[in-house]
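J.: Input structure: coords-v2.txt, which contains compact mmCIF, C-alpha atoms and all ligand atoms.
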```
# COMPACT_ATOMS: atom_id res chain seq x y z
CA PRO A 25 28.43 40.49 26.32
CA ARG A 26 31.17 38.04 27.24
CA ARG A 27 34.34 39.46 28.68
CA VAL A 28 37.33 37.14 29.13
CA VAL A 29 40.01 38.12 31.66
CA THR A 30 43.22 36.31 32.55
CA GLY A 31 46.68 36.95 34.00
CA VAL A 32 50.14 35.37 33.92
CA GLN A 33 52.75 35.89 36.62
CA PRO A 34 56.14 37.31 35.58
CA THR A 35 57.99 34.73 37.68
CA GLY A 36 60.38 33.48 35.03
CA ALA A 37 60.65 32.14 31.52
CA LEU A 38 57.42 30.67 30.14
CA HIS A 39 57.39 26.93 29.48
CA ILE A 40 55.24 25.03 27.02
CA GLY A 41 52.78 24.17 29.81
CA ASN A 42 52.13 27.87 30.38
CA TYR A 43 52.07 28.40 26.64
CA PHE A 44 49.63 25.66 25.61
CA GLY A 45 47.69 25.80 28.89
CA ALA A 46 47.23 29.56 29.06
CA VAL A 47 48.72 31.75 26.32
CA ARG A 48 47.72 29.75 23.27
CA ARG A 49 44.22 29.20 24.62
CA CYS A 50 43.90 32.98 24.80
CA VAL A 51 45.06 33.28 21.19
CA ARG A 52 42.35 30.76 20.25
CA LEU A 53 39.74 32.83 22.10
CA LEU A 54 40.82 35.91 20.15
CA ASP A 55 40.46 33.94 16.92
CA GLN A 56 36.89 33.20 18.02
CA GLY A 57 36.24 36.92 18.39
CA GLU A 58 36.19 37.04 22.20
CA ASP A 59 36.84 40.28 24.08
CA LEU A 60 40.08 39.46 25.93
CA THR A 61 41.96 41.26 28.72
CA VAL A 62 45.39 39.82 29.61
CA PHE A 63 47.54 41.23 32.38
CA ILE A 64 51.05 40.52 33.60
CA ALA A 65 50.37 39.70 37.26
CA ASP A 66 53.30 41.46 38.87
CA LEU A 67 51.32 42.24 42.05
CA HIS A 68 50.58 38.53 42.46
CA SER A 69 54.24 37.67 42.05
CA LEU A 70 55.06 39.79 45.12
CA THR A 71 53.60 37.09 47.36
CA VAL A 72 57.09 35.58 47.16
CA ARG A 73 60.26 37.63 47.55
CA GLN A 74 61.33 39.17 44.23
CA ASP A 75 64.50 40.89 43.21
CA ALA A 76 63.33 44.22 41.74
CA SER A 77 65.55 44.18 38.65
CA VAL A 78 64.78 40.52 37.95
CA LEU A 79 61.04 41.20 38.26
CA GLN A 80 61.28 44.11 35.82
CA ARG A 81 63.23 41.98 33.35
CA ASN A 82 60.77 39.09 33.69
CA THR A 83 57.88 41.49 33.10
CA LEU A 84 59.47 42.74 29.89
CA GLU A 85 60.25 39.23 28.64
CA LEU A 86 56.79 37.97 29.44
CA ALA A 87 55.28 40.90 27.54
CA ALA A 88 57.51 40.05 24.57
CA TYR A 89 56.47 36.39 24.57
CA LEU A 90 52.77 37.20 25.00
CA ILE A 91 52.85 39.57 22.04
CA ALA A 92 55.05 37.20 20.00
CA SER A 93 52.56 34.37 20.69
CA GLY A 94 49.73 36.36 19.12
CA LEU A 95 48.32 38.38 22.01
CA GLU A 96 48.94 41.52 20.02
CA PRO A 97 47.89 44.89 21.46
CA ALA A 98 45.74 45.54 18.41
CA ARG A 99 43.66 42.42 19.19
CA CYS A 100 43.37 42.46 22.98
CA VAL A 101 44.11 44.53 26.08
CA VAL A 102 47.62 43.60 27.35
CA PHE A 103 49.19 45.43 30.28
CA GLN A 104 51.01 45.30 33.60
CA GLN A 105 48.64 44.69 36.54
CA SER A 106 50.36 47.28 38.76
CA ALA A 107 49.70 49.97 36.13
CA VAL A 108 45.98 49.75 37.00
CA PRO A 109 45.65 50.50 40.74
CA ARG A 110 41.95 49.62 40.63
CA HIS A 111 42.88 45.92 40.95
CA ALA A 112 44.38 46.48 44.40
CA GLU A 113 41.60 48.89 45.32
CA LEU A 114 38.80 46.44 44.52
CA CYS A 115 40.80 43.73 46.28
CA TRP A 116 40.43 45.76 49.48
CA ALA A 117 36.65 46.11 49.08
CA LEU A 118 36.35 42.37 48.42
CA ALA A 119 38.62 41.56 51.35
CA CYS A 120 36.07 43.37 53.52
CA VAL A 121 33.35 40.87 52.54
CA ALA A 122 35.65 37.82 52.54
CA THR A 123 36.02 35.76 55.69
CA LEU A 124 39.20 34.48 57.24
CA ALA A 125 37.63 31.05 57.65
CA ARG A 126 36.89 30.72 53.95
CA LEU A 127 40.26 32.01 52.75
CA SER A 128 42.35 29.98 55.15
CA HIS A 129 40.61 26.76 54.10
CA LEU A 130 41.54 27.00 50.42
CA PRO A 131 43.79 24.02 49.58
CA GLN A 132 46.36 26.10 47.67
CA TYR A 133 46.69 28.50 50.59
CA LYS A 134 47.14 25.67 53.07
CA GLU A 135 49.79 24.08 50.88
CA LYS A 136 51.78 27.30 50.36
CA ALA A 137 51.38 28.47 53.96
CA LYS A 138 53.12 25.28 55.13
CA LEU A 139 56.35 26.62 53.63
CA TYR A 140 56.43 29.59 56.05
CA LYS A 141 56.99 30.05 59.73
CA GLU A 142 55.39 33.51 59.49
CA VAL A 143 52.73 33.43 56.76
CA PRO A 144 52.49 36.63 54.68
CA VAL A 145 48.94 38.07 54.53
CA GLY A 146 49.39 38.44 50.77
CA LEU A 147 49.28 34.66 50.48
CA LEU A 148 45.85 34.67 52.07
CA LEU A 149 44.64 37.55 49.92
CA TYR A 150 45.98 36.09 46.70
CA PRO A 151 42.63 34.63 45.54
CA VAL A 152 40.82 37.83 46.58
CA LEU A 153 43.13 39.81 44.31
CA GLN A 154 42.46 37.24 41.61
CA ALA A 155 38.74 37.86 41.99
CA ALA A 156 39.32 41.62 41.83
CA ASP A 157 41.41 41.20 38.67
CA VAL A 158 38.38 39.80 36.89
CA LEU A 159 35.55 41.75 38.52
CA VAL A 160 37.19 45.13 37.99
CA TYR A 161 36.53 44.60 34.26
CA GLY A 162 33.12 43.02 34.74
CA GLY A 163 34.77 39.81 33.52
CA THR A 164 32.31 37.02 32.75
CA HIS A 165 34.71 34.21 31.75
CA VAL A 166 38.13 33.09 32.90
CA PRO A 167 40.23 30.53 31.03
CA VAL A 168 41.58 28.32 33.82
CA GLY A 169 43.07 24.96 34.55
CA ARG A 170 41.17 22.53 36.72
CA ASP A 171 43.40 23.44 39.68
CA GLN A 172 41.99 26.98 39.67
CA LEU A 173 38.32 26.00 39.99
CA GLN A 174 38.30 26.50 43.76
CA HIS A 175 39.51 30.06 43.34
CA LEU A 176 36.72 30.71 40.87
CA GLN A 177 34.22 29.31 43.32
CA LEU A 178 35.59 31.73 45.88
CA ALA A 179 35.21 34.58 43.38
CA ALA A 180 31.57 33.57 42.85
CA GLN A 181 31.02 33.56 46.60
CA LEU A 182 32.63 37.00 46.99
CA VAL A 183 30.38 38.27 44.21
CA ARG A 184 27.30 36.96 46.04
CA SER A 185 28.35 38.60 49.32
CA PHE A 186 29.32 41.83 47.61
CA ASN A 187 26.13 42.05 45.54
CA HIS A 188 24.05 41.20 48.60
CA ARG A 189 25.68 43.85 50.79
CA TYR A 190 25.76 46.68 48.25
CA GLY A 191 22.95 45.80 45.86
CA ALA A 192 25.53 45.56 43.10
CA ALA A 193 25.11 43.42 40.01
CA LEU A 194 28.60 42.13 39.41
CA PRO A 195 28.54 38.97 37.26
CA ALA A 196 30.00 35.79 38.77
CA PRO A 197 32.85 34.77 36.46
CA GLN A 198 32.51 31.37 34.79
CA PRO A 199 35.43 29.01 34.11
CA LEU A 200 36.44 28.20 30.55
CA LEU A 201 38.01 24.74 30.65
CA PRO A 202 39.87 23.23 27.71
CA ASP A 203 38.84 19.84 26.29
CA ASP A 204 42.24 18.98 24.80
CA GLY A 205 44.12 18.35 28.06
CA SER A 206 46.15 21.51 27.53
CA ASP A 207 45.62 22.57 31.16
CA ARG A 208 47.74 19.67 32.36
CA ILE A 209 51.05 19.40 30.53
CA LEU A 210 53.26 17.06 32.56
CA SER A 211 56.87 17.32 33.67
CA LEU A 212 59.26 15.73 31.17
CA ARG A 213 61.21 14.19 34.06
CA ASP A 214 58.34 12.96 36.20
CA PRO A 215 55.05 12.46 34.35
CA THR A 216 53.11 12.17 37.62
CA LYS A 217 53.66 15.93 38.16
CA LYS A 218 52.67 19.03 36.21
CA MET A 219 55.31 20.87 34.27
CA SER A 220 56.16 23.87 36.43
CA LYS A 221 58.38 26.96 36.49
CA SER A 222 59.41 26.23 40.05
CA ASP A 223 60.63 22.65 39.40
CA THR A 224 64.34 22.56 40.28
CA ASP A 225 65.19 20.37 37.26
CA PRO A 226 65.45 22.55 34.12
CA LYS A 227 65.14 19.39 31.96
CA SER A 228 61.58 18.96 33.26
CA ARG A 229 60.30 21.73 30.99
CA VAL A 230 60.78 23.17 27.51
CA LEU A 231 61.00 26.96 27.60
CA LEU A 232 59.67 29.21 24.87
CA SER A 233 63.17 30.69 24.77
CA ASP A 234 64.92 27.32 24.27
CA PRO A 235 66.88 26.99 21.02
CA ASP A 236 65.92 24.17 18.65
CA ASP A 237 68.69 21.81 19.78
CA VAL A 238 67.73 22.25 23.46
CA ILE A 239 64.08 21.46 22.65
CA GLU A 240 65.24 18.31 20.82
CA LEU A 241 67.49 17.29 23.72
CA LYS A 242 64.83 17.78 26.40
CA ILE A 243 62.22 15.82 24.43
CA ARG A 244 64.77 13.06 23.71
CA LYS A 245 65.45 12.77 27.46
CA ALA A 246 61.75 12.82 28.40
CA VAL A 247 60.83 9.99 30.78
CA THR A 248 58.41 7.51 29.21
CA ASP A 249 57.99 3.79 29.99
CA PHE A 250 59.18 0.40 28.77
CA THR A 251 56.53 -0.22 26.11
CA PRO A 252 58.17 0.51 22.74
CA HIS A 253 55.13 1.47 20.61
CA VAL A 254 53.17 4.71 20.94
CA THR A 255 49.63 4.80 22.32
CA TYR A 256 47.50 7.56 23.81
CA ASP A 257 46.52 6.42 27.26
CA PRO A 258 46.91 9.26 29.79
CA GLU A 259 45.92 7.06 32.75
CA SER A 260 48.29 4.13 32.34
CA ARG A 261 50.98 5.73 30.13
CA PRO A 262 51.24 9.37 31.27
CA GLY A 263 54.77 9.97 29.90
CA VAL A 264 54.14 8.85 26.32
CA SER A 265 50.65 10.38 26.34
CA ASN A 266 52.12 13.70 27.41
CA LEU A 267 54.32 13.61 24.30
CA VAL A 268 51.32 12.73 22.14
CA ARG A 269 49.44 15.65 23.67
CA LEU A 270 52.32 18.05 22.97
CA HIS A 271 52.53 16.72 19.41
CA CYS A 272 48.79 17.34 18.97
CA LEU A 273 48.92 20.84 20.40
CA ALA A 274 51.95 21.84 18.34
CA ALA A 275 50.79 20.33 15.06
CA ASP A 276 47.07 20.99 15.62
CA ILE A 277 46.01 17.36 15.19
CA LEU A 278 43.96 14.86 17.22
CA PRO A 279 45.46 12.06 19.37
CA GLU A 280 44.20 9.45 16.84
CA GLU A 281 46.09 11.22 14.08
CA ALA A 282 49.25 11.48 16.18
CA VAL A 283 49.14 7.79 17.07
CA GLU A 284 48.61 6.94 13.39
CA GLU A 285 51.63 9.04 12.48
CA ALA A 286 53.62 7.14 15.11
CA ASP A 287 52.65 3.78 13.62
CA GLY A 288 55.77 1.63 13.23
CA LEU A 289 57.90 4.01 15.30
CA ASN A 290 59.25 3.23 18.76
CA THR A 291 59.05 5.92 21.43
CA ALA A 292 62.65 7.04 20.76
CA GLN A 293 61.87 7.61 17.08
CA TYR A 294 58.53 9.23 17.95
CA LYS A 295 60.30 11.72 20.23
CA ALA A 296 62.07 13.11 17.15
CA VAL A 297 58.66 13.65 15.52
CA VAL A 298 57.34 15.46 18.60
CA ALA A 299 60.46 17.61 18.89
CA ARG A 300 60.20 18.57 15.22
CA ALA A 301 56.54 19.59 15.64
CA LEU A 302 57.43 21.68 18.70
CA VAL A 303 60.38 23.33 16.97
CA ARG A 304 58.25 24.18 13.94
CA HIS A 305 55.62 25.75 16.19
CA LEU A 306 57.89 27.54 18.65
CA ALA A 307 60.78 28.82 16.51
CA PRO A 308 58.79 31.66 14.88
CA ILE A 309 57.49 32.78 18.29
CA ARG A 310 61.01 32.79 19.74
CA GLU A 311 62.23 34.78 16.73
CA ARG A 312 59.44 37.39 17.07
CA ALA A 313 60.13 37.73 20.81
CA ARG A 314 63.86 38.13 20.14
CA ARG A 315 63.16 40.95 17.71
CA LEU A 316 60.80 42.68 20.15
CA LEU A 317 63.37 42.44 22.95
CA ALA A 318 66.08 43.89 20.72
CA ASP A 319 64.20 47.20 20.86
CA PRO A 320 61.93 47.18 23.94
CA ARG A 321 60.34 50.53 23.04
CA VAL A 322 57.66 48.74 21.05
CA ILE A 323 56.87 46.60 24.12
CA HIS A 324 56.78 49.64 26.42
CA ALA A 325 54.41 51.43 24.08
CA ALA A 326 52.18 48.35 23.83
CA LEU A 327 51.97 48.02 27.61
CA GLN A 328 51.19 51.70 28.06
CA HIS A 329 48.49 51.58 25.43
CA GLY A 330 47.04 48.47 27.11
CA ALA A 331 47.16 50.06 30.55
CA ALA A 332 45.32 53.16 29.35
CA ARG A 333 42.52 51.04 27.89
CA ALA A 334 42.38 48.86 31.00
CA ARG A 335 42.25 51.91 33.30
CA ALA A 336 39.35 53.36 31.34
CA ARG A 337 37.38 50.11 31.68
CA ALA A 338 38.28 49.71 35.34
CA ASP A 339 37.24 53.30 36.09
CA THR A 340 33.77 52.60 34.73
CA THR A 341 33.30 49.67 37.13
CA HIS A 342 34.90 51.58 39.97
CA GLU A 343 32.59 54.59 39.66
CA ARG A 344 29.52 52.38 39.70
CA LEU A 345 30.71 50.43 42.74
CA ALA A 346 31.92 53.52 44.62
CA ARG A 347 28.42 55.01 44.39
CA LEU A 348 26.93 51.80 45.80
CA MET A 349 29.52 51.60 48.60
CA GLY A 350 29.27 55.28 49.52
CA THR A 351 32.90 55.98 48.66
CA ALA A 352 32.25 58.17 45.63
CA PRO A 353 34.19 61.46 45.90
CA LEU A 354 32.12 64.26 47.53
P1 LIG B 401 54.76 27.91 39.48
O1 LIG B 401 55.52 26.61 39.50
O2 LIG B 401 55.54 29.09 39.98
O3 LIG B 401 53.37 27.81 40.04
P2 LIG B 401 53.69 27.55 36.87
O4 LIG B 401 54.58 26.96 35.84
O5 LIG B 401 52.67 26.67 37.49
O6 LIG B 401 54.60 28.25 37.93
P3 LIG B 401 51.89 29.79 36.79
O7 LIG B 401 52.42 31.18 36.71
O8 LIG B 401 51.39 29.25 38.10
O9 LIG B 401 53.00 28.80 36.20
O10 LIG B 401 50.73 29.63 35.75
C1 LIG B 401 50.61 30.43 34.58
C2 LIG B 401 49.53 29.84 33.69
O11 LIG B 401 50.00 28.63 33.11
C3 LIG B 401 48.25 29.47 34.45
O12 LIG B 401 47.15 29.80 33.62
C4 LIG B 401 48.36 27.99 34.64
O13 LIG B 401 47.09 27.36 34.70
C5 LIG B 401 49.11 27.56 33.39
N1 LIG B 401 49.92 26.38 33.63
C6 LIG B 401 50.93 26.26 34.52
N2 LIG B 401 51.48 25.05 34.47
C7 LIG B 401 50.80 24.35 33.52
C8 LIG B 401 50.89 23.02 33.00
N3 LIG B 401 51.81 22.18 33.45
N4 LIG B 401 50.04 22.66 32.02
C9 LIG B 401 49.12 23.52 31.55
N5 LIG B 401 48.97 24.78 32.00
C10 LIG B 401 49.79 25.21 32.97
MG MG B 402 51.39 27.27 39.17
```
Here is the file; what I need is its structure written in the form of structure tokens.

T.:
Amino acid sequence: PRRVVTGVQPTGALHIGNYFGAVRRCVRLLDQGEDLTVFIADLHSLTVRQDASVLQRNTLELAAYLIASGLEPARCVVFQQSAVPRHAELCWALACVATLARLSHLPQYKEKAKLYKEVPVGLLLYPVLQAADVLVYGGTHVPVGRDQLQHLQLAAQLVRSFNHRYGAALPAPQPLLPDDGSDRILSLRDPTKKMSKSDTDPKSRVLLSDPDDVIELKIRKAVTDFTPHVTYDPESRPGVSNLVRLHCLAADILPEEAVEEADGLNTAQYKAVVARALVRHLAPIRERARRLLADPRVIHAALQHGAARARARADTTHERLARLMGTAPL
């Protein structure tokens, strides 16, 4: 059977790139009846320095927005990564079959390592932990963006080495790529870059927590180009096409339909249409998250319930692998 596993880091307020590129895709997978495990990747977030109270708050808020977006605990397994120690434990076993050469050549590692004088080992192990996150549940499919494909290839390679050494039969996880461009929502200030939590300009992204008027303002200020009419042409008109894409994702229509709706409008007028579609889609989610955060006990209970289910599944994999590795308790 297919098992879909994915994680989101609690490194700050979710933006609509995270939402359409990750969260909403997961909701779609649930609608298709997939078995989905979603974790809040707090262990991953420790690769950069975190303030403990900020990390706890971010974890709570992320849980609220995941649930409010439709990843309800009754439909999928939602929990905090650190609540299931088997992730870190399998990471160790995988690290023992991974090679330094392979890990240190991954482009994302090389890019991030440049920022340090003394590189933390966690940065190197990051994709090994990612592999463990999936394999510990026997995950077969991972919804990813194109930029994560190298990490999935690494996971497949670790699976081969691990299975070869221990005679295990872990499945190599397959990528699930979207066909609607939702894995590449662009910055509203610079449409040559992805929208990102770490961008220093807050106007570059719409947050799920933004009030209606802030959403409208940020879309109104979005950088486009000097052609007045609206077309969908991601290569030559990335700014306008990004707005068309957001319109499509929010209103659940195709680019042709969006462009038709924009007929006779200039880009300034079209921005109001896009903002309205986003507001209509996001306002109910923001309201549900607000209500959840007003009494976090429901969130705590959901995470505990999720963690218990995740632990049970992870234990099953662990026991099988421990026998093969010779680390089963005597
Ligand atoms: P950071 O800038 O810290 O890397 P981020 O905004 O890229 O933050 P991540 O925590 O790295 O967010 O990613 C969370 C999820 O959101 C991942 O599944 C990632 O593929 C997806 N995602 C991130 N940015 C975008 C984007 N611009 N468009 C579509 N999906 C995105
Ligand atoms: Mg990122």

J.: Would you list the residues that come within 9 Å of ligand LIG 401 (chain B)? Count all atoms listed in the file and give the answer as a ChimeraX atom specification.

T.: /A:30-36,38-47,65,69,167-172,205-211,217-223,229

J.: Determine the axis-aligned bounding box of all atoms of stretch 196-200 of chain A present in the file, pad each side by 8 Å, and express its centre and edge lengths in Å to one decimal place as AutoDock Vina command-line options.

T.:
```
--center_x 33.2 --center_y 32.0 --center_z 34.7 --size_x 22.4 --size_y 23.6 --size_z 24.2
```

J.: Around (61.6, 17.3, 32.0) in the file's own coordinates, what residues are found within 10 Å if you use all atoms listed in the file, given back as a ChimeraX atom specification?

T.: /A:210-215,219-220,223,225-230,242-247

J.: Could you give me, as a count of residues only, the residues within 8 Å of stretch 308-320 of chain A, counting only C-alpha atoms and dropping anything in the same chain fewer than 3 positions from it?

T.: 13

J.: Using only C-alpha atoms, find the one residue out of A:Ala112, A:Leu139, A:Ala107, A:Leu302 that sits nearest to A:Val238.

T.: A:Leu302

J.: My list of candidates is A:Ala346, A:His68, A:Cys115, A:Pro199. Which is closest to ligand MG 402 (chain B) when distances are computed with only C-alpha atoms and all ligand atoms?

T.: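 So, comparing all the options, the nearest one is A:His68.
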
J.: Might you pull out every residue within 10 Å of A:Val158, with all atoms listed in the file counted and same-chain residues fewer than 3 positions away left off, and present them as a list of chain:residue names?

T.: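 After dropping sequence-adjacent residues, the list is A:Arg27, A:Val28, A:Val29, A:Thr30, A:Gly31, A:Thr61, A:His111, A:Leu153, A:Gln154, A:Ala155, A:Tyr161, A:Gly162, A:Gly163, A:Thr164, A:His165, A:Val166, A:Ala179, A:Pro195, A:Ala196, A:Pro197.
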
J.: For ligand MG 402 (chain B), which of A:Arg269, A:Arg347, A:Arg81, A:Lys136 is the closest residue, counting only C-alpha atoms and all ligand atoms?

T.: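 With only C-alpha atoms and all ligand atoms as the atom set, the closest residue is A:Lys136.
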
J.: Grab the atom CA of A:Val62 to atom CA of A:Val101 distance for me, in Å with one decimal place.

T.: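 Distance reported for this atom pair: 6.0 Å.
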
J.: Pick out the closest residue to A:Leu182 from this set: A:Leu289, A:Ala137, A:Ile239, A:Ala117. Count all atoms listed in the file.

T.: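 Selected residue with least distance to A:Leu182: A:Ala117.
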
J.: Could you state the separation of atom CA of A:Glu135 and atom CA of A:Leu149 in Å, given to one decimal place?

T.: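 Value for the atom CA of A:Glu135-atom CA of A:Leu149 distance: 14.5 Å.
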
J.: Using all atoms listed in the file, find the one residue out of A:Lys141, A:Leu173, A:Leu178, A:Lys295 that sits nearest to A:Ala125.

T.: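 Using all atoms listed in the file, A:Ala125 sits closest to A:Leu178.
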
J.: Counting all atoms listed in the file, which residues sit no farther than 10 Å from the position (33.7, 44.0, 52.4) in the file's frame? I'd like them as a tab-separated table (two decimals) with C-alpha atoms, keeping the file's coordinate frame.

T.:
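Okay, this is what ended up in part-v6.tsv:
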```tsv
chain	number	residue	atom	x	y	z
A	114	LEU	CA	38.80	46.44	44.52
A	115	CYS	CA	40.80	43.73	46.28
A	116	TRP	CA	40.43	45.76	49.48
A	117	ALA	CA	36.65	46.11	49.08
A	118	LEU	CA	36.35	42.37	48.42
A	119	ALA	CA	38.62	41.56	51.35
A	120	CYS	CA	36.07	43.37	53.52
A	121	VAL	CA	33.35	40.87	52.54
A	122	ALA	CA	35.65	37.82	52.54
A	123	THR	CA	36.02	35.76	55.69
A	182	LEU	CA	32.63	37.00	46.99
A	185	SER	CA	28.35	38.60	49.32
A	186	PHE	CA	29.32	41.83	47.61
A	189	ARG	CA	25.68	43.85	50.79
A	190	TYR	CA	25.76	46.68	48.25
A	349	MET	CA	29.52	51.60	48.60
```

J.: Smallest atom-to-atom distance to A:Asn82: which of A:Ala332, A:Ile64, A:Leu200, A:Leu95, using all atoms listed in the file?

T.: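 Checking each of A:Ala332, A:Ile64, A:Leu200, A:Leu95 against A:Asn82, counting all atoms listed in the file, the winner is A:Ile64.
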
J.: Between atom CA of A:Arg335 and atom CA of A:Val108, what is the distance in Å, rounded to a tenth?

T.: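 These two atoms are separated by 5.7 Å.
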